[in-house]
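J.: Got my_file39.cif for you, mmCIF, C-alpha atoms:
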data_structure
loop_
_atom_site.label_atom_id
_atom_site.label_comp_id
_atom_site.auth_asym_id
_atom_site.auth_seq_id
_atom_site.Cartn_x
_atom_site.Cartn_y
_atom_site.Cartn_z
CA MET A 1 6.60 -43.85 -23.33
CA TYR A 2 4.39 -40.85 -24.08
CA THR A 3 6.03 -37.55 -23.13
CA THR A 4 4.43 -34.14 -22.88
CA ILE A 5 5.89 -31.41 -25.04
CA PRO A 6 7.42 -28.71 -22.78
CA ARG A 7 5.47 -25.48 -22.86
CA ASN A 8 8.57 -23.37 -22.17
CA LEU A 9 9.65 -23.59 -25.81
CA PRO A 10 9.17 -21.07 -28.62
CA SER A 11 6.18 -21.85 -30.84
CA GLN A 12 8.27 -23.27 -33.71
CA GLU A 13 10.25 -25.49 -31.37
CA MET A 14 7.11 -26.86 -29.70
CA VAL A 15 5.90 -28.25 -33.01
CA ILE A 16 9.36 -29.56 -33.93
CA ALA A 17 9.51 -31.28 -30.53
CA LEU A 18 6.15 -32.92 -31.34
CA ILE A 19 7.52 -34.15 -34.66
CA ASN A 20 10.64 -35.50 -32.97
CA ARG A 21 8.67 -37.28 -30.28
CA ASP A 22 6.40 -39.13 -32.68
CA ASN A 23 9.15 -39.92 -35.22
CA ASN A 24 12.11 -40.61 -32.92
CA LEU A 25 14.06 -37.82 -34.60
CA MET A 26 16.29 -34.97 -33.43
CA LEU A 27 15.31 -32.20 -35.81
CA SER A 28 16.00 -28.58 -34.90
CA ARG A 29 15.23 -25.16 -36.33
CA SER A 30 18.43 -25.41 -38.33
CA ASP A 31 16.86 -28.39 -40.12
CA VAL A 32 13.20 -27.49 -40.66
CA ILE A 33 10.69 -24.66 -40.47
CA VAL A 34 6.99 -25.07 -39.67
CA THR A 35 5.01 -22.62 -41.77
CA ASN A 36 1.57 -21.79 -43.16
CA PRO A 37 -0.57 -23.45 -40.43
CA ARG A 38 -4.17 -23.69 -41.59
CA ALA A 39 -7.40 -25.57 -41.02
CA ASN A 40 -6.96 -29.26 -41.72
CA PRO A 41 -9.33 -30.16 -44.61
CA ASN A 42 -9.48 -33.77 -43.41
CA PRO A 43 -9.42 -33.65 -39.58
CA SER A 44 -8.87 -37.00 -37.88
CA VAL A 45 -9.31 -38.08 -34.29
CA ILE A 46 -6.09 -38.24 -32.28
CA GLU A 47 -5.71 -41.77 -30.96
CA GLY A 48 -6.70 -42.18 -27.31
CA THR A 49 -8.40 -38.77 -27.13
CA ILE A 50 -11.55 -37.02 -28.27
CA ALA A 51 -9.51 -34.25 -29.88
CA VAL A 52 -9.01 -33.97 -33.61
CA ARG A 53 -6.08 -32.88 -35.70
CA ASP A 54 -7.48 -29.52 -36.69
CA THR A 55 -4.28 -28.03 -38.16
CA GLU A 56 -2.37 -28.69 -41.34
CA ALA A 57 1.05 -27.06 -41.88
CA ASP A 58 4.00 -27.17 -44.25
CA LEU A 59 7.28 -28.55 -42.97
CA LEU A 60 10.07 -26.95 -45.01
CA ALA A 61 13.63 -28.24 -45.19
CA VAL A 62 16.17 -25.51 -44.47
CA PHE A 63 18.22 -24.74 -47.57
CA GLY A 64 21.75 -26.12 -47.38
CA GLY A 65 20.92 -28.55 -44.60
CA ASP A 66 20.72 -32.33 -44.36
CA PHE A 67 17.19 -32.58 -45.76
CA LYS A 68 15.49 -31.80 -49.05
CA GLN A 69 11.96 -31.38 -50.33
CA ASN A 70 9.12 -30.56 -47.98
CA ALA A 71 6.36 -32.36 -46.11
CA VAL A 72 2.84 -31.66 -44.89
CA ILE A 73 2.01 -32.40 -41.27
CA THR A 74 -1.29 -32.51 -39.40
CA TYR A 75 -1.67 -31.99 -35.66
CA ARG A 76 -3.68 -30.02 -33.13
CA ARG A 77 -2.53 -26.63 -31.96
CA LEU A 78 -2.99 -25.55 -28.34
CA ASP A 79 -6.29 -23.75 -27.81
CA ALA A 80 -5.77 -20.63 -25.73
CA ASP A 81 -9.31 -20.73 -24.37
CA VAL A 82 -8.78 -24.33 -23.19
CA VAL A 83 -5.36 -23.68 -21.64
CA PHE A 84 -6.26 -20.38 -19.97
CA GLY A 85 -10.06 -20.37 -20.02
CA SER A 86 -10.58 -21.50 -16.43
CA ILE A 87 -7.56 -19.60 -15.06
CA ALA A 88 -7.74 -16.05 -13.72
CA THR A 89 -4.67 -14.52 -15.33
CA VAL A 90 -3.91 -11.36 -13.35
CA VAL A 91 -1.06 -8.97 -14.16
CA ARG A 92 -0.07 -5.94 -12.11
CA PRO A 93 0.08 -2.55 -13.89
CA ASN A 94 3.62 -1.50 -14.70
CA GLY A 95 3.38 1.13 -17.40
CA GLN A 96 2.32 -1.34 -20.10
CA ARG A 97 1.24 0.38 -23.31
CA LEU A 98 0.97 -2.56 -25.74
CA VAL A 99 -0.54 -6.02 -25.49
CA SER A 100 2.97 -7.41 -25.96
CA ASP A 101 4.12 -5.58 -22.81
CA LEU A 102 1.99 -8.03 -20.82
CA LEU A 103 3.95 -11.04 -22.09
CA VAL A 104 6.79 -10.61 -19.57
CA ASP A 105 4.41 -11.32 -16.70
CA ILE A 106 2.44 -13.99 -18.56
CA ASN A 107 5.65 -15.86 -19.39
CA ARG A 108 6.80 -15.59 -15.78
CA LEU A 109 3.48 -16.79 -14.38
CA TYR A 110 3.12 -19.82 -16.65
CA ASP A 111 6.73 -20.64 -17.63
CA LEU A 112 6.17 -19.73 -21.27
CA VAL A 113 8.33 -17.98 -23.87
CA LEU A 114 5.70 -16.14 -25.89
CA THR A 115 6.96 -13.23 -27.98
CA VAL A 116 5.40 -10.36 -29.90
CA ASP A 117 5.63 -12.54 -33.03
CA ASP A 118 3.15 -14.97 -31.49
CA ILE A 119 0.28 -12.55 -30.88
CA VAL A 120 -1.75 -9.78 -32.42
CA ASP A 121 -0.21 -6.66 -30.90
CA SER A 122 -2.05 -3.38 -30.32
CA PRO A 123 -2.11 -0.43 -27.89
CA ILE A 124 -3.89 -0.89 -24.55
CA ASP A 125 -5.42 1.65 -22.17
CA LEU A 126 -4.84 1.08 -18.46
CA GLY A 127 -6.26 4.43 -17.41
CA THR A 128 -9.07 2.68 -15.56
CA LEU A 129 -8.36 -0.40 -13.47
CA PRO A 130 -9.10 -3.22 -13.36
CA ALA A 131 -8.83 -3.61 -17.14
CA LYS A 132 -9.55 -6.71 -19.22
CA ILE A 133 -7.22 -7.30 -22.16
CA ASP A 134 -7.63 -10.00 -24.83
CA ILE A 135 -4.49 -11.84 -25.94
CA THR A 136 -5.12 -13.21 -29.44
CA PHE A 137 -2.66 -15.53 -31.18
CA LYS A 138 -1.84 -14.81 -34.81
CA GLU A 139 -3.51 -17.05 -37.38
CA ASP A 140 -0.11 -18.25 -38.60
CA ASN A 141 1.13 -19.22 -35.13
CA PRO A 142 2.31 -22.83 -35.52
CA ALA A 143 1.68 -23.90 -31.90
CA TRP A 144 -1.11 -21.71 -30.47
CA GLN A 145 -4.54 -20.56 -31.58
CA GLY A 146 -7.44 -18.62 -30.12
CA THR A 147 -7.78 -15.90 -27.50
CA PHE A 148 -7.49 -15.65 -23.73
CA GLU A 149 -8.20 -12.85 -21.30
CA VAL A 150 -5.79 -11.09 -18.96
CA ARG A 151 -6.95 -8.89 -16.11
CA VAL A 152 -4.72 -5.97 -15.17
CA GLU A 153 -5.23 -4.76 -11.62
CA ARG A 154 -3.40 -3.70 -8.51
CA LEU A 155 -3.11 -6.54 -6.01
CA PRO A 156 -1.27 -6.96 -2.72
CA VAL A 157 1.97 -8.84 -3.21
CA ASN A 158 2.55 -12.08 -1.31
CA LEU A 159 5.55 -11.37 0.92
CA ASP A 160 6.54 -15.02 0.87
CA ASP A 161 7.04 -14.75 -2.90
CA VAL A 162 9.03 -11.52 -2.68
CA VAL A 163 11.28 -12.29 0.29
CA VAL A 164 12.88 -15.36 -1.27
CA ASN A 165 15.94 -15.42 0.98
CA LYS A 166 14.57 -15.54 4.51
CA VAL A 167 17.76 -16.64 6.28
CA LEU A 168 19.58 -13.33 6.71
CA PRO A 169 22.94 -12.19 8.12
CA VAL A 170 23.41 -9.66 10.92
CA LEU A 171 22.41 -6.09 10.17
CA ARG A 172 25.49 -4.21 8.96
CA TYR A 173 27.17 -1.90 11.47
CA PRO A 174 28.01 1.60 10.19
CA THR A 175 31.70 0.67 9.86
CA GLY A 176 31.12 -2.95 8.87
CA GLN A 177 32.56 -4.35 12.10
CA SER A 178 31.46 -4.73 15.73
CA GLU A 179 34.67 -4.93 17.77
CA LEU A 180 35.67 -1.24 17.78
CA ILE A 181 33.87 2.05 18.41
CA GLN A 182 31.78 3.10 15.41
CA GLY A 183 33.70 6.14 14.22
CA ASP A 184 30.90 7.18 11.87
CA LEU A 185 28.61 7.73 14.87
CA TYR A 186 31.17 8.96 17.40
CA ILE A 187 30.61 12.71 16.85
CA TYR A 188 27.75 12.47 14.34
CA SER A 189 25.27 14.24 16.64
CA LYS A 190 27.53 17.18 17.59
CA ASP A 191 27.50 20.72 16.22
CA PHE A 192 30.98 22.02 15.40
CA THR A 193 29.90 25.41 14.07
CA LYS A 194 31.96 27.25 16.73
CA ASP A 195 35.04 25.51 15.29
CA ALA A 196 34.23 26.42 11.70
CA SER A 197 37.26 28.69 11.32
CA VAL A 198 39.50 25.67 11.95
CA LEU A 199 37.51 23.02 10.11
CA VAL A 200 36.78 24.98 6.93
CA ASN A 201 40.49 25.16 6.09
CA VAL A 202 41.16 21.42 6.41
CA ASP A 203 41.89 19.71 3.10
CA PHE A 204 43.54 16.52 1.91
CA ASN A 205 47.09 17.60 2.83
CA THR A 206 46.36 19.57 6.00
CA PRO A 207 48.01 18.36 9.25
CA LEU A 208 45.31 17.39 11.71
CA ASP A 209 46.69 19.21 14.75
CA GLY A 210 43.80 21.66 14.72
CA VAL A 211 41.27 18.83 14.31
CA MET A 212 42.81 17.07 17.30
CA GLN A 213 42.44 20.21 19.43
CA VAL A 214 38.79 20.52 18.37
CA LEU A 215 38.16 16.91 19.36
CA ASN A 216 39.86 17.21 22.73
CA THR A 217 37.66 20.19 23.54
CA ALA A 218 34.43 18.59 22.36
CA VAL A 219 34.63 14.99 23.57
CA LYS A 220 36.16 15.12 27.06
CA PRO A 221 37.20 12.94 28.83
CA ASP A 222 38.42 11.16 25.67
CA VAL A 223 41.97 12.26 24.80
CA TRP A 224 42.98 12.22 21.15
CA VAL A 225 46.65 11.81 20.23
CA GLN A 226 48.92 11.45 17.19
CA ARG A 227 51.32 8.57 17.76
CA ALA A 228 53.16 6.42 15.22
CA GLN A 229 51.98 3.24 16.91
CA THR A 230 48.67 1.69 17.77
CA ALA A 231 46.88 3.77 20.41
CA ASP A 232 43.35 4.60 21.48
CA PHE A 233 41.85 7.78 19.98
CA ASN A 234 44.78 8.06 17.58
CA LEU A 235 44.73 10.49 14.63
CA TYR A 236 48.09 9.38 13.28
CA ASN A 237 47.90 8.72 9.51
CA ALA A 238 44.23 9.81 9.53
CA GLU A 239 43.25 11.72 6.39
CA ALA A 240 40.66 14.34 5.50
CA ILE A 241 38.82 12.78 2.56
CA TYR A 242 36.02 15.32 2.13
CA ASN A 243 35.21 18.89 3.20
CA GLY A 244 32.22 20.49 1.57
CA PRO A 245 28.41 20.59 1.50
CA VAL A 246 26.60 17.83 3.37
CA VAL A 247 26.05 14.97 0.92
CA ASP A 248 24.21 11.67 1.32
CA THR A 249 27.39 9.78 0.50
CA TYR A 250 28.59 10.51 4.04
CA SER A 251 25.67 11.95 6.01
CA THR A 252 21.92 12.46 5.83
CA ARG A 253 21.88 14.96 8.71
CA ARG A 254 20.22 18.24 7.78
CA GLY A 255 20.57 21.76 9.24
CA PHE A 256 24.26 22.18 8.39
CA THR A 257 25.95 23.71 5.39
CA ARG A 258 29.26 21.82 5.57
CA LEU A 259 30.75 18.48 6.50
CA LEU A 260 34.35 17.45 7.17
CA VAL A 261 35.08 13.73 6.87
CA VAL A 262 38.25 12.31 8.42
CA GLN A 263 39.17 8.70 7.64
CA LEU A 264 40.85 6.97 10.58
CA ASP A 265 43.89 4.75 10.15
CA LYS A 266 44.27 1.23 11.54
CA LEU A 267 46.65 2.70 14.15
CA CYS A 268 43.56 4.00 15.95
CA GLY A 269 43.29 1.01 18.24
CA ASN A 270 39.80 1.47 19.67
CA MET A 271 37.85 3.03 16.79
CA ALA A 272 37.20 2.32 13.08
CA GLY A 273 35.64 4.23 10.25
CA ARG A 274 35.36 7.99 9.78
CA LEU A 275 34.85 11.07 11.93
CA LEU A 276 32.02 13.30 10.67
CA PHE A 277 32.22 16.98 11.66
CA HIS A 278 28.97 18.84 10.88
CA TYR A 279 29.24 22.65 10.93
CA ASN A 280 27.94 25.86 9.43
CA ALA A 281 30.28 28.30 7.73
#
Could you render the structure as structure tokens?

T.:
Amino acid sequence: MYTTIPRNLPSQEMVIALINRDNNLMLSRSDVIVTNPRANPNPSVIEGTIAVRDTEADLLAVFGGDFKQNAVITYRRLDADVVFGSIATVVRPNGQRLVSDLLVDINRLYDLVLTVDDIVDSPIDLGTLPAKIDITFKEDNPAWQGTFEVRVERLPVNLDDVVVNKVLPVLRYPTGQSELIQGDLYIYSKDFTKDASVLVNVDFNTPLDGVMQVLNTAVKPDVWVQRAQTADFNLYNAEAIYNGPVVDTYSTRRGFTRLLVVQLDKLCGNMAGRLLFHYNA
């Protein structure tokens, strides 16, 4: 049964796969090297087609392997203008400076594995878009020959191609759970500047008695406590984990010079997360 040679192979391996297919062999690049492709001086018609074997190349046995001597093969390389000629190959600009920089997108679009060794590389200018760039295969490329054109331009992206995973989970709550009060938002909107003299002195080892008093003044009728058992609005075992300039790690609120972050313990029975005290000092 006739099988098509996969195009997602390196150039050398495409030709070796062709040899294997027509000779029922299992050669690899550790066995042979295809080199010196050139115009076939005696081109012959490929059976069942109108194409001719236009290429002659040397098949070299790898030194130290299972084969010796060399052979000459004739076949037809892929013509770039035939493969790509009727296809509009469009690549988006992404800082490409060399022809070879376009290969990442070309390989992705057509399931190829072309490398800089396959083509004639040179600088490109994408200062004015759209830009037309010629991709020319090297004369000694064993599998490809000719030139094809790539157009570089800005195009809208198909959302269906970008958003691959369309079955999504629930949006994440600030504390990663939905059963308890979101501590990160509980006092987020309040201004504690009038309590700055208390808050500015809180550090990792400071008892939170003063913080509790600040809370009980600011969030009435909620009553904060410190009890060694599960309780609502409980500061027991809570810990100040940050006290300094407002940073995006904890808050994106602007207009304040300082932020105190208190991490609640699991003994706080009705709230999870952190308490964020914004203040100026």

J.: Smallest atom-to-atom distance to Gln182 of chain A: which of A:Glu56, A:Ile50, A:Asn270, A:Ser11, using all atoms listed in the file?

T.: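 The closest residue to Gln182 of chain A is A:Asn270.
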
J.: For this file, the PyMOL selection byres ((chain A and resi 201) around 12) selects which residues, as a ChimeraX atom specification?

T.: /A:195-200,202-208,210-211,240,242-244,258-260,281

J.: List the neighbours of segment 104-107 of chain A out to 8 Å using only C-alpha atoms; skip same-chain residues closer than 5 positions along the sequence, and give me the result as a PyMOL selection string.

T.: chain A and resi 89+91+112-114

J.: Check the smallest atom-to-atom distance from each of A:Leu27, A:Gly85, A:Val164, A:Pro37 to Arg53 of chain A using all atoms listed in the file, then report the winner.

T.: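 Using all atoms listed in the file, the shortest distance to Arg53 of chain A belongs to A:Pro37.
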
J.: Mind pulling up the distance from atom CA of Gly48 of chain A to atom CA of Thr147 of chain A?

T.: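 Spanning atom CA of Thr147 of chain A to atom CA of Gly48 of chain A is a straight-line distance of 26.3 Å.
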
J.: If I take atom CA of Leu126 of chain A and atom CA of Leu102 of chain A, how far is one from the other in Å, to one decimal?

T.: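 Going from atom CA of Leu126 of chain A over to atom CA of Leu102 of chain A, I get 11.6 Å.
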
J.: In Å, how far is it from atom CA of Arg154 of chain A to atom CA of Asn8 of chain A?

T.: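 Calculated distance between atom CA of Arg154 of chain A and atom CA of Asn8 of chain A is 26.8 Å.
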
J.: Of the residues A:Asn42, A:Thr175, A:Gln69, A:Asn280, which is the one nearest to Thr193 of chain A, using only C-alpha atoms?

T.: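 That would be A:Asn280, the residue with the smallest distance to Thr193 of chain A.
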
J.: Carefully work through the PyMOL selection byres ((chain A and resi 189) around 10) for this structure and note down the residues it includes, as a list in words.

T.: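 When the PyMOL selection byres ((chain A and resi 189) around 10) is applied, the selected residues are Leu185, Tyr186, Ile187, Tyr188, Lys190, Asp191, Phe192, Arg253, Leu276, Phe277 and His278 of chain A.
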
J.: Between A:Ala71, A:Ala272, A:Ala51, A:Val225, which is the closest to Tyr173 of chain A once you count all atoms listed in the file?

T.: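 The answer is A:Ala272, which sits nearest to Tyr173 of chain A.
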
J.: Around the point (-12.1, -12.1, -25.9) in the file's coordinates, collect all residues with an atom within 10 Å, using all atoms listed in the file, and return them as an mmCIF file with C-alpha atoms, in the frame of the given file.

T.:
data_model
loop_
_atom_site.group_PDB
_atom_site.id
_atom_site.type_symbol
_atom_site.label_atom_id
_atom_site.label_comp_id
_atom_site.auth_asym_id
_atom_site.auth_seq_id
_atom_site.Cartn_x
_atom_site.Cartn_y
_atom_site.Cartn_z
ATOM 1 C CA ASP A 81 -9.310 -20.730 -24.370
ATOM 2 C CA LYS A 132 -9.550 -6.710 -19.220
ATOM 3 C CA ILE A 133 -7.220 -7.300 -22.160
ATOM 4 C CA ASP A 134 -7.630 -10.000 -24.830
ATOM 5 C CA ILE A 135 -4.490 -11.840 -25.940
ATOM 6 C CA THR A 136 -5.120 -13.210 -29.440
ATOM 7 C CA GLY A 146 -7.440 -18.620 -30.120
ATOM 8 C CA THR A 147 -7.780 -15.900 -27.500
ATOM 9 C CA PHE A 148 -7.490 -15.650 -23.730
ATOM 10 C CA GLU A 149 -8.200 -12.850 -21.300
ATOM 11 C CA VAL A 150 -5.790 -11.090 -18.960
#

J.: Can you build me a table of segment 231-254 of chain A residues sitting at most 10 Å from segment 212-219 of chain A, with the closest atom pair per residue and its distance in Å to one decimal, using all atoms listed in the file, sorted by chain and residue number, as a tab-separated table?

T.:
residue	atom	partner	partner_atom	distance
A:Phe233	CA	A:Met212	CA	9.7
A:Asn234	CA	A:Met212	CA	9.2
A:Leu235	CA	A:Met212	CA	7.4

J.: Which of these, A:Arg7, A:Glu139, A:Glu13, A:Asp66, has the shortest distance to Asp31 of chain A once you count all atoms listed in the file?

T.: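 Counting all atoms listed in the file, the residue closest to Asp31 of chain A is A:Asp66.
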
J.: May I ask which of the residues A:Thr74, A:Gln226, A:Leu180, A:Leu109 is the closest one to Asn36 of chain A, counting all atoms listed in the file?

T.: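 Looking only at the distances to Asn36 of chain A, the closest residue turns out to be A:Thr74.
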
J.: Can you spell out as a list in words the set of residues that the PyMOL selection byres ((chain A and resi 10) around 12) selects in the structure I just provided?

T.: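 Going through the file, the PyMOL selection byres ((chain A and resi 10) around 12) ends up selecting Ile5, Pro6, Arg7, Asn8, Leu9, Ser11, Gln12, Glu13, Met14, Val15, Ile16, Ala17, Ser28, Arg29, Val34, Asn107, Asp111, Leu112, Val113, Leu114, Thr115, Val116, Asp117, Asp118, Asn141, Pro142, Ala143 and Trp144 of chain A.
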
J.: If we count all atoms listed in the file, what is near Glu239 of chain A at a cut-off of 7 Å, once residues fewer than 4 positions away on the same chain are taken out, given as a PyMOL selection string?

T.: chain A and resi 204+262-264
